[in-house]
Structures are given as C-alpha cells and as structure tokens.
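Each remark here refers to the structure printed beneath this line.
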Amino acid sequence: MKFYRRSSPASRVPPMTTDAITRDASIMTSYVDPGAREAMRMVSGLKSDRFVVSRRRTGFGDCLWSLAAAWRFAQRTDRTLAIDWRGSCYLDQPFTNAFPVFFEPVHDIAGVPIICDDEINHRSFPGPFFPGWWNRPSIDCVYRPDQQIFRERDELDRLFQNEEDSDANTVVCDACLMWRCDQEAEREIFRNIKPRSEILARIEAIYRKQFEPYSIIGVHVRHGNGEDILGHAPYWADPERALRQVCRAIERARGLPYAKPARVFLCTDSALVLEKVSALFPDVFTIPKRFQALQAGPLHSAALGAEGGFSALIEMYLLARCDTVIRFPPTSAFTRYARLFVPRVIEFDLNDPGRLILTDETSQELVGL
C-alpha cells in the first residue's frame, strides 16, 4: 500500500549563531564552491557521476524517513546516494557525519551505491545542482531561511511525485521529506540500515530480559518539553486532556487479547509525562535515560551527547518489536519504524485528535476505539 501525504510541515531550523554559520559555510563549500569541486573531482575521479545527497540534522525519525525518499529517487534515476548528517542535533562535532557514529557502514542498498562515512568531508559533488539555490556561490548559501527550506521541500516533492529525473548532476535533499515516498521504500531502508553493533547489543539485552517473556504495549508520547512542536501542537492544545487521551489509549490497549502477560513500555521526551503516566500506571516500565530540564527542549540535543542518540535508537528499535504500539501524536516520525512493522497500532486521528484508531495488520482492519 502506498501512503503519501503532500502537506506535512517541514522541520523548522533554529536561528543560527555566528559559530554555527561559520561551520555550515565550511560544510556547504564542498557542495557549491566550483574551485573545490574541480580539485576534488580530479582526486576522487567523480567525473560524470550523478548523486543524491540526503542532508539532515534532525531527529532520527525525520532523518530515516527523508533518507527513504532520497533513496527511492536515487534508485529510480540510477544515482549514488550520499548520506550527509554532519551538524547532527545529536552531536556537538559539526564536521562529524553522524551516520557512522550511530549506524553500521552500508555500501549498497538494493543496487544503489552509498557514501555514508566521514569521507563526505573530502568529497565534492559535481554541478549543476537541484534545487537551483545550491548553484549559488558558497558565501550566499550560508544562511537558508525557513521559507527557502520550505521551497526546496516543495521543489523536491514535485520532482519525486512527477517520477521524472533532473538534469542536475547532484540533487541535494536538505529538507524534511516525510510522506514523500512509498512505504516499501521506508521498509527497504529499515531492512538495510542497522544500528552499530554495540547499540544492537544493548537492544538485544533489554529485549531478552524485559520484552521476551511478555506481550509488550509500547507507548510513545512526543511532548516537546518546551520545543516549538509545529504539526504536533494540536494534540497538546489542552495538556491535561492530552494526558487523559494517552491513558485512555493505554487502557484500551490493555483490553486487547495477548498471548502472554501484557506489560506497558513508555517512551517519552518529557520527565513530566513520565511522572504523570507512572502515577496512574505504576507497572509501566521505561529504559533509563537522561532528560532535559523542564521546558528546556527535546531529547535530540547535542547537550546530551552521543548517549542521547544511543538512547533514542534503543527506544525506537524496541518500539518496533512491541505487540501493540500507541503513537501520540501520530505525526511524530520517531514511531514511523514501529508504524511499519508492529502488528497492532493505536493512534489518534489526524483530523480528530480525540478519536482513537486501531490498525490491526492481522485482520487488515481499521477500527475506531
């Protein structure tokens, strides 16, 4: 089943400090500086090669979903896919490509060649570029306002949906591309991209001890903790009501039939949500992790270091191994992996946040709860 949504909001870029602008300028130089391109082309032998660059600095859900859209386009147009996650929100090292910090190296995905390591710092991609903004001199590319990012998102959306190719040698995907590909493309990414072995070992240890003996109801509550949560905001218009909705969903999930004793596994970016839900459901369990201070922002923050990213991946991959998963709100990309692979999903209607919907893959039904 193909699932497209063309109107989902793009991630907003926070205001850039002078240091951040300088770092971003250095990273962008390899894309747009003609001199650098020519020099590196001679060294690397890129010549007439054609590329798609998936450039994201956001949470893993957005990164992986946008990567799936970029991969699908690269596959369709016979291009090499470069994964450029420098400047990641999970790291305070601006020139480190976050992908190999958190994921195992991958050289090919279903026939698409992949560049995904710190070699990205020494690569220069051949022009012309699409979207056209990337053909400007590098000094003009330092600051990209939100509206420019939204325009690029829409340009890429039209390119992908029209199922045509671009004359550009390099297509730069530096915008939120959630909802811009089919579900099979997303599944292909999750089948081929694996967290680093030490992260997988932690996931497996937790799974064997706390998941395997039980039927697990996974609950993800994306709160924001003071962040501008954009498209998630309608679900939190009334915070007390939102928490009641989450608790109602847990009660409904516990009422479903399971093969083993059911336990509730909670993942959230808010210590306050954890406190409130645990007070009502004392048997809820979580994976220990650091939270930001109250109203200090989300967990995908360099302030928490790489361990914050490790914790996020552990939760993301464990949620995908639950028997039932509750998504609040359903607009969060963090639970997209779970949405694709968990047999039963309870989520809140996009058009009516007060309405619960159960998707049961075993019966192929959508049921209002």
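So you can find residues: chains in the structure tokens are A, B, ... in the order shown, residues in each start at 1, and ligands are numbered from 1 in order.
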| task | Please report, as an NGL selection string, each residue of stretch 170-363 of chain A to which DSSP assigns helix (DSSP H, G or I) when run on this structure's backbone. | result | :A and (183-192 or 197-211 or 230-236 or 239-254 or 271-280 or 302-319 or 333-341)
| stretch 264-276 of chain A surroundings by only C-alpha atoms, 6 Å radius, close-in-sequence under 3 positions cut, as an NGL selection string | :A and (216-222 or 225 or 279 or 284-286 or 299)
| message | From the options A:Pro330, A:Thr96, A:Leu318, A:Ala69, which residue's atoms come nearest to A:Gln183, counting only C-alpha atoms? | response |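 Of the candidates, the smallest distance to A:Gln183 is held by A:Ala69.
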| query | What is the distance, in Å and to one decimal place, between atom CA of A:Glu307 and atom CA of A:Ser197? | reply | 14.6 Å
| Any idea what's packed within 10 Å of A:Ala185, counting only C-alpha atoms, ignoring anything in its chain fewer than 3 positions away? Could you give it as a ChimeraX atom specification? | /A:2,65,67-73,75,181-182,188-191
Got time to write the residues from that selection, all heavy atoms, as a CSV table (one decimal), in the first residue's frame?
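So again06.csv came out as:
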chain,number,residue,atom,x,y,z
A,2,LYS,N,0.6,2.1,-0.9
A,2,LYS,CA,1.4,3.4,-1.0
A,2,LYS,C,0.7,4.4,-0.1
A,2,LYS,O,-0.5,4.5,0.0
A,2,LYS,CB,1.5,3.9,-2.4
A,2,LYS,CG,2.4,3.0,-3.3
A,2,LYS,CD,2.6,3.6,-4.6
A,2,LYS,CE,3.6,2.8,-5.4
A,2,LYS,NZ,3.9,3.4,-6.7
A,65,TRP,N,13.3,8.7,7.5
A,65,TRP,CA,12.2,8.8,6.6
A,65,TRP,C,12.6,9.7,5.4
A,65,TRP,O,12.3,9.3,4.2
A,65,TRP,CB,11.0,9.5,7.3
A,65,TRP,CG,9.6,9.2,6.7
A,65,TRP,CD1,9.4,8.7,5.4
A,65,TRP,CD2,8.4,9.4,7.3
A,65,TRP,NE1,8.0,8.6,5.2
A,65,TRP,CE2,7.4,9.0,6.4
A,65,TRP,CE3,8.0,9.8,8.5
A,65,TRP,CZ2,6.0,9.1,6.6
A,65,TRP,CZ3,6.6,9.9,8.8
A,65,TRP,CH2,5.6,9.5,7.9
A,67,LEU,N,15.6,10.0,4.3
A,67,LEU,CA,16.6,9.2,3.6
A,67,LEU,C,15.8,8.2,2.7
A,67,LEU,O,16.3,7.9,1.6
A,67,LEU,CB,17.4,8.4,4.6
A,67,LEU,CG,18.5,7.5,4.0
A,67,LEU,CD1,19.5,8.2,3.2
A,67,LEU,CD2,19.2,6.7,5.2
A,68,ALA,N,14.7,7.6,3.1
A,68,ALA,CA,14.0,6.7,2.3
A,68,ALA,C,13.5,7.4,1.0
A,68,ALA,O,13.6,6.8,-0.1
A,68,ALA,CB,12.8,6.1,3.1
A,69,ALA,N,13.0,8.6,1.1
A,69,ALA,CA,12.6,9.4,-0.1
A,69,ALA,C,13.8,9.6,-1.0
A,69,ALA,O,13.6,9.5,-2.2
A,69,ALA,CB,11.9,10.7,0.4
A,70,ALA,N,14.9,10.0,-0.4
A,70,ALA,CA,16.1,10.3,-1.3
A,70,ALA,C,16.6,9.0,-1.9
A,70,ALA,O,17.0,9.0,-3.1
A,70,ALA,CB,17.2,10.9,-0.4
A,71,TRP,N,16.5,7.9,-1.2
A,71,TRP,CA,17.0,6.6,-1.7
A,71,TRP,C,16.1,6.2,-2.9
A,71,TRP,O,16.6,5.7,-3.9
A,71,TRP,CB,16.9,5.5,-0.6
A,71,TRP,CG,17.2,4.1,-1.2
A,71,TRP,CD1,18.4,3.6,-1.6
A,71,TRP,CD2,16.2,3.2,-1.6
A,71,TRP,NE1,18.2,2.3,-2.1
A,71,TRP,CE2,16.8,2.1,-2.2
A,71,TRP,CE3,14.8,3.2,-1.6
A,71,TRP,CZ2,16.1,1.0,-2.7
A,71,TRP,CZ3,14.1,2.1,-2.0
A,71,TRP,CH2,14.8,1.0,-2.6
A,72,ARG,N,14.8,6.3,-2.7
A,72,ARG,CA,13.9,5.9,-3.8
A,72,ARG,C,14.2,6.7,-5.1
A,72,ARG,O,14.2,6.1,-6.2
A,72,ARG,CB,12.4,6.1,-3.4
A,72,ARG,CG,11.4,5.8,-4.5
A,72,ARG,CD,11.5,4.3,-4.9
A,72,ARG,NE,10.7,3.5,-4.0
A,72,ARG,CZ,10.8,2.1,-4.0
A,72,ARG,NH1,11.7,1.5,-4.7
A,72,ARG,NH2,10.0,1.4,-3.2
A,73,PHE,N,14.4,8.0,-4.9
A,73,PHE,CA,14.7,8.8,-6.1
A,73,PHE,C,16.1,8.4,-6.7
A,73,PHE,O,16.2,8.3,-7.9
A,73,PHE,CB,14.8,10.3,-5.8
A,73,PHE,CG,15.1,11.2,-6.9
A,73,PHE,CD1,14.2,11.4,-7.9
A,73,PHE,CD2,16.4,11.8,-7.0
A,73,PHE,CE1,14.5,12.3,-9.0
A,73,PHE,CE2,16.7,12.6,-8.1
A,73,PHE,CZ,15.7,12.8,-9.1
A,75,GLN,N,17.4,5.4,-6.6
A,75,GLN,CA,17.2,4.1,-7.2
A,75,GLN,C,16.6,4.3,-8.6
A,75,GLN,O,17.0,3.7,-9.6
A,75,GLN,CB,16.3,3.2,-6.4
A,75,GLN,CG,16.1,1.9,-7.0
A,75,GLN,CD,14.9,1.1,-6.3
A,75,GLN,OE1,13.9,1.7,-6.1
A,75,GLN,NE2,15.2,-0.1,-5.9
A,181,CYS,N,7.5,9.4,0.0
A,181,CYS,CA,7.9,8.1,-0.6
A,181,CYS,C,6.9,7.0,-0.2
A,181,CYS,O,6.0,7.2,0.7
A,181,CYS,CB,9.3,7.7,-0.3
A,181,CYS,SG,9.5,7.3,1.5
A,182,ASP,N,6.9,5.9,-0.9
A,182,ASP,CA,6.1,4.8,-0.6
A,182,ASP,C,6.6,4.0,0.6
A,182,ASP,O,7.8,4.1,1.0
A,182,ASP,CB,5.9,3.9,-1.8
A,182,ASP,CG,7.3,3.4,-2.3
A,182,ASP,OD1,8.1,4.1,-2.9
A,182,ASP,OD2,7.7,2.2,-1.9
A,188,GLU,N,12.6,-0.7,3.0
A,188,GLU,CA,13.9,-1.1,2.5
A,188,GLU,C,15.0,-0.4,3.3
A,188,GLU,O,16.1,-1.1,3.6
A,188,GLU,CB,14.0,-0.6,1.0
A,188,GLU,CG,15.1,-1.2,0.3
A,188,GLU,CD,15.0,-2.7,0.0
A,188,GLU,OE1,13.9,-3.2,-0.4
A,188,GLU,OE2,16.0,-3.5,0.2
A,189,ILE,N,14.8,0.8,3.7
A,189,ILE,CA,15.8,1.5,4.5
A,189,ILE,C,16.0,0.8,5.8
A,189,ILE,O,17.1,0.5,6.3
A,189,ILE,CB,15.4,3.0,4.7
A,189,ILE,CG1,15.6,3.8,3.4
A,189,ILE,CG2,16.3,3.6,5.8
A,189,ILE,CD1,17.0,3.8,2.8
A,190,PHE,N,14.9,0.5,6.5
A,190,PHE,CA,15.0,-0.1,7.8
A,190,PHE,C,15.5,-1.6,7.7
A,190,PHE,O,16.2,-2.0,8.7
A,190,PHE,CB,13.6,-0.1,8.5
A,190,PHE,CG,13.3,1.2,9.1
A,190,PHE,CD1,12.2,2.0,8.6
A,190,PHE,CD2,14.0,1.7,10.2
A,190,PHE,CE1,11.9,3.2,9.1
A,190,PHE,CE2,13.7,3.0,10.7
A,190,PHE,CZ,12.6,3.7,10.2
A,191,ARG,N,15.3,-2.3,6.6
A,191,ARG,CA,15.9,-3.6,6.5
A,191,ARG,C,17.4,-3.6,6.3
A,191,ARG,O,18.1,-4.5,6.7
A,191,ARG,CB,15.2,-4.3,5.3
A,191,ARG,CG,13.8,-4.9,5.6
A,191,ARG,CD,13.4,-5.8,4.6
A,191,ARG,NE,13.1,-5.2,3.3
A,191,ARG,CZ,11.9,-4.8,2.8
A,191,ARG,NH1,10.8,-5.0,3.6
A,191,ARG,NH2,11.8,-4.2,1.7
| If we count only C-alpha atoms, what is near A:Val345 at a cut-off of 12 Å, once residues fewer than 2 positions away on the same chain are taken out, given as a VMD selection string? | chain A and resid 217 to 220 249 to 250 252 to 253 256 319 to 328 330 335 to 343 347 to 348 356 to 362 364 to 369
| request: Identify, on the basis of only C-alpha atoms, every residue whose closest approach to A:Lys194 does not exceed 10 Å; exclude the query and any residue fewer than 5 positions from it along the same chain; express the result as number ranges by chain. | output: A: 102-106, 189, 199-200, 317
